[in-house]
Structures are given as structure tokens and as C-alpha cells.
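As C-alpha cells, the structure follows; a few thoughts come after it.
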Amino acid sequence: MADSPTSSPSPSSTTPVYVIGGGPGGLAVAYALRAQGVRAVVLERGDQVGSSWRRHYDRLHLHTTRRLSSLPGLAMPRSFGRWVARDDVVRYLEKYAEYHELEVVTGVEVSRVERTADGTGWLLHATGGRELTGSAVVVATGTNHTPRIPEWAGRDAYRGELLHAGQYRNAAPYAGRDVLVVGIGNTGAEIAVDLVEGGASRVRLSVRTAPHIVRRSTAGWAAQFTGIVVRRLPVRLVDRLAGPMAKLSVPDLSAHGLPRPDTGLYSRVTAGSIPVQDVGLIDAVRKGSVEIVAAVEGFEDGKVVLADGEHLEPDAVIAATGYLRGLEGLVGHLDVLDARGKPLVHGARAPKNAPGLFFNGYTNPISGMFREMAIDAVRIAKAVARQQSVAAK
């Protein structure tokens, strides 16, 4: 049973810790800080918590189990089932903030974070000219911050519909239409299946690099369980173990345009590419209802040009081409990001040149995003509490 909200220590009245982002990572940190007796104020740019989750496509479910996706202090209800639907995730986040009586301020977007003049805290520049001073800052704006569509040559002349996957809700508008989905991450794969099931006349999936595909669950054993088991094992060892397992559980789709990858599964993960969890893609590809085509190179005369020279003229192109984290303007000037805009450290570790600045939710582990955010939230809260205890002496 979850702790009662009143059982946590009362937050101190000192300068608050600001948590930027009201998604699962931010809310988990806010609760964990409150449990340590530290006042946390969540700043959310949307008008409700979980704004990113509200924008996801309708059929989305967590690819991790309900029991291992709960945030600290409140379990997800059993009624949500094993694979939690998007709408239930949103309901859970709303309940989480309410149950723990978290201090959430919506409609506030933070544009820049910098050290205070005396170097003892952090100054946040926010919507409406606000300047907020915090003792520490936790950035938890998530990885789905800014939709990214490649600057394909000639795309402005395309006569069909072009949209990012973040704008896709369901297959209803595409019934009877020819649709090209670009990108075979989990989002692209699931949207392709959704389009088939929703009555699209033709669905093609553009693939640049063949992904590792894993079963979400095999004989009741969730892929997440394996991810947790191998999380700390050497990369090469996991790669060697994953190869034979993939051949046993996933059919060879080479004849359908999806050869088995020539690089190891865990090597891909460490490079930032997680496996595609099968929610119907394998069967759809084998049946030919999802056709695999080459990568998109650009547009010409209103048509889509593929890397193999083929020209397509679909009614719509859905770009499942990922997102930008959008952290450069916020903290890029602090020298805390790598060349790809990803935080150099995360969890309880603050950058050496920016003590008191923490990040949660910017890893993409095979052990489960929600699980890792929950673990890191507790670690961050303990690190902040220690920092404030030392400062108070």
C-alpha cells in the first residue's frame, strides 16, 4: 500500500527546488523531494500535468508492465491491466499529483536557467518575465519536447499530406488512403499497424536501418524483465546472448525487406536506439499488409524519392522521425550537454561545473523508462537533501 500523503515530512519553507516539467519524471522527483522534507515546485508549460502523454496517439500503451511502471509512493491500479493505455497513464499522473498534494504551477515555461549572482542558487527565466530563484533545479522536460522532421529537399512541393507522428491520433482520417510511414522506431511501427487495422488502403514503412525486434512478452515473460536482468552486464556479452534468442523468438523477415541487424542489440541500445517491441508489426509484414521500403531521400515533382531510386506518390506521409530534447536554450550555455544535446550526467549526479542541477528522464533504457525515472527520482531527492543539509551547517 502506498504511503499516505500526510505521512511524509512537511516540506521546509526555505527557497524551493524547482522541477521543470510536469510529466512522470518531474512528478516523481517532486514527490521524492517532498518525502525528504524539501519543498518542490513543479513548473509545467502546458495547462495540465502529463501534457506530452495527452498528445500521443490513441492506441499507445506502455511497453513496460504496470507493476514495474509505477512512480514512488503510488501504485498503478490493477484495473489498468498489464499494459497500461495512454489515457490510463494520464489519469494516473493526474491522481499522482493530487494524491501527493504536489505543488504544480501550469502555464509556465522556463526559457533559461543560470546561476544566481552570488553563486549559491539558481535563477530561472520563465513566462511573462518571471525570474524565480531556487536552491536547486531538476530538469525533467522529457525527450518528446520538439517534433523533428528532416529537411528533405523538395518537401514543400509535396502535394499530399505531410505530418509528424506527434500529430497523428488514430487511423480514422486515413481509411481508404495510401500512407507512407517514415521511421521504424516503436512509434513508426505501431502507427503502421494502426493504419492497417484502421482500413488504410496501402501502408508502406520506410526503413533506413533495420531494427532489432523483440516480442513484448513471451510465455508471460515480459521483455522488460530481460532488460532489467542484463542492465548491468557487459555489452558484448548481452549482444552474444541476444542473437540466438532473437532467432528463436522472431522470424526472419529478410524476404520482406527487414534483414536481421548486423550489429548487436545492446550495442544499439548504448548508442541510443532501443529495440522495436512487437505489437503486431511482425504479422503485418509477413502478410504484406505493411510493406517495407527504402529510406526517404527527398521529394521531387511532388513525389517521395527513396534511397533506391523508387518514386512514390502516397496520399499522406507520416514522419515518425523522433524529437529534439530542446535543452540547448535552457541549459546549453552551462556546458552540461553532449554534442547531441543530451545531458552529460543524470540521476543523482550533478555536473561538476553546475552543482545543484539535476536531470531526470533523458536515458532510454531497455529496463523501462518509467522504472528508471522512478529510481532516479529517489536518488535525486536524496542528493538534494544532502546538499541542503550541508549548506545549512
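Identifiers in the C-alpha cells: chain A, B, ... in order shown; residue index from 1 per chain; ligand index from 1 in order shown.
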
Would you kindly return, as a PyMOL selection string, each protein, DNA or RNA residue with an atom no farther than 8 Å from any atom of Gly341 (chain A), considering only C-alpha atoms and excluding same-chain residues fewer than 3 positions away?
chain A and resi 325-328+332+337-338

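Residues in contact range of Gly368 (chain A), defined as at most 10 Å between only C-alpha atoms, with sequence neighbours fewer than 2 positions away removed, read Leu62, His63, Thr64, Thr65, Leu68, Ser69, Ala223, Gln224, Phe225, Gly227, Ile228, Thr363, Asn364, Pro365, Ile366, Phe370, Arg371, Glu372 and Met373 of chain A.
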
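Between CA of Ala383 (chain A) and CA of Ala348 (chain A) there is a distance of 5.8 Å.
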
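Taking only C-alpha atoms, the non-local environment of Trp152 (chain A) within 8 Å (same-chain residues fewer than 2 positions away omitted) comprises Pro150, Gly154, Arg155, Glu297, Gly298 and Phe299 of chain A.
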
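Distance check against Trp221 (chain A) using only C-alpha atoms: of A:Arg159, A:Gly119, A:Arg82, A:Glu313, the minimum falls on A:Arg82.
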
One decimal, Å: what's the distance from CA of Glu190 (chain A) over to CA of Gly142 (chain A), could you say?
20.6 Å

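Going from CA of His346 (chain A) to CA of Ser217 (chain A) covers 29.2 Å.
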
Using DSSP on the backbone, list every residue of region 193-341 of chain A that comes out as strand (DSSP E or B), and give them as a PyMOL selection string.
chain A and resi 202-206+213-215+217-218+221-222+253+258+276-278+290-293+296-300+303-306+311-312+316-319+323-324+337

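The nearest approach to Asp278 (chain A) among the residues A:Ala192, A:Val203, A:Val90, A:Ala350, with only C-alpha atoms taken into account, belongs to A:Ala192.
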
Within 8 Å of Val179 (chain A), counting only C-alpha atoms, which residues qualify if same-chain residues fewer than 3 places away don't, as a PyMOL selection string?
chain A and resi 174+200-204+314-318

With N, CA, C and O atoms retained, could you export that selection as a short mmCIF file (atom, residue, chain, number, x, y, z; two decimals), in the first residue's frame?
data_model
loop_
_atom_site.label_atom_id
_atom_site.label_comp_id
_atom_site.auth_asym_id
_atom_site.auth_seq_id
_atom_site.Cartn_x
_atom_site.Cartn_y
_atom_site.Cartn_z
N TYR A 174 -7.42 8.24 -42.32
CA TYR A 174 -6.62 7.62 -43.38
C TYR A 174 -7.27 6.37 -43.95
O TYR A 174 -6.66 5.66 -44.76
N ALA A 200 -6.59 1.67 -43.84
CA ALA A 200 -5.83 2.34 -44.90
C ALA A 200 -5.72 1.39 -46.10
O ALA A 200 -5.56 0.18 -45.93
N SER A 201 -5.79 1.92 -47.30
CA SER A 201 -5.76 1.05 -48.49
C SER A 201 -4.38 0.46 -48.73
O SER A 201 -4.25 -0.66 -49.25
N ARG A 202 -3.35 1.21 -48.37
CA ARG A 202 -1.98 0.72 -48.52
C ARG A 202 -1.10 1.38 -47.48
O ARG A 202 -1.21 2.59 -47.25
N VAL A 203 -0.24 0.59 -46.84
CA VAL A 203 0.66 1.12 -45.82
C VAL A 203 2.08 0.67 -46.14
O VAL A 203 2.35 -0.53 -46.24
N ARG A 204 2.96 1.64 -46.32
CA ARG A 204 4.38 1.33 -46.51
C ARG A 204 5.17 1.96 -45.38
O ARG A 204 4.81 3.03 -44.88
N PRO A 314 2.27 8.66 -52.32
CA PRO A 314 1.23 8.32 -51.34
C PRO A 314 0.32 9.52 -51.09
O PRO A 314 0.67 10.66 -51.38
N ASP A 315 -0.84 9.24 -50.53
CA ASP A 315 -1.76 10.32 -50.17
C ASP A 315 -1.25 11.10 -48.96
O ASP A 315 -1.54 12.28 -48.80
N ALA A 316 -0.53 10.40 -48.08
CA ALA A 316 -0.04 11.04 -46.85
C ALA A 316 1.29 10.43 -46.44
O ALA A 316 1.55 9.25 -46.66
N VAL A 317 2.13 11.25 -45.85
CA VAL A 317 3.41 10.83 -45.28
C VAL A 317 3.40 11.18 -43.79
O VAL A 317 3.20 12.35 -43.44
N ILE A 318 3.62 10.17 -42.96
CA ILE A 318 3.68 10.38 -41.52
C ILE A 318 5.14 10.16 -41.09
O ILE A 318 5.66 9.07 -41.22
#

Would you kindly return, as a PyMOL selection string, each protein, DNA or RNA residue with an atom no farther than 7 Å from any atom of region 279-283 of chain A, considering only C-alpha atoms and excluding same-chain residues fewer than 3 positions away?
chain A and resi 189-190+193+286-287

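With distances restricted to only C-alpha atoms, A:Tyr18 is the closest residue to Val113 (chain A) from A:Tyr323, A:Phe80, A:Tyr18, A:Trp53.
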
If you count only C-alpha atoms, which residues fall within 8 Å of Val214 (chain A), apart from same-chain ones fewer than 5 positions away, as a PDB file with C-alpha atoms, in the first residue's frame?
ATOM      1  CA  ALA A 223      10.882  -8.218 -22.468  1.00  0.00           C
ATOM      2  CA  ALA A 246      16.167 -13.385 -31.447  1.00  0.00           C
ATOM      3  CA  SER A 249      11.564 -15.819 -30.972  1.00  0.00           C
ATOM      4  CA  VAL A 250      11.434 -13.597 -34.073  1.00  0.00           C
ATOM      5  CA  PRO A 275      14.592  -2.389 -29.897  1.00  0.00           C
ATOM      6  CA  VAL A 276      11.173  -2.305 -31.504  1.00  0.00           C
ATOM      7  CA  GLN A 277       8.687  -4.172 -29.334  1.00  0.00           C
ATOM      8  CA  ASP A 278       6.312  -6.159 -31.475  1.00  0.00           C
TER       9      ASP A 278
END

Between A:Val138, A:Tyr99, A:Glu151, A:Asp194, which residue has the minimum interatomic distance to Leu60 (chain A), considering only C-alpha atoms?
A:Asp194

I want to know what sits within 9 Å of region 145-149 of chain A, based on only C-alpha atoms, with residues of the same chain fewer than 4 positions away left out; could you give that as a PyMOL selection string?
chain A and resi 52+141+163-166+319-327
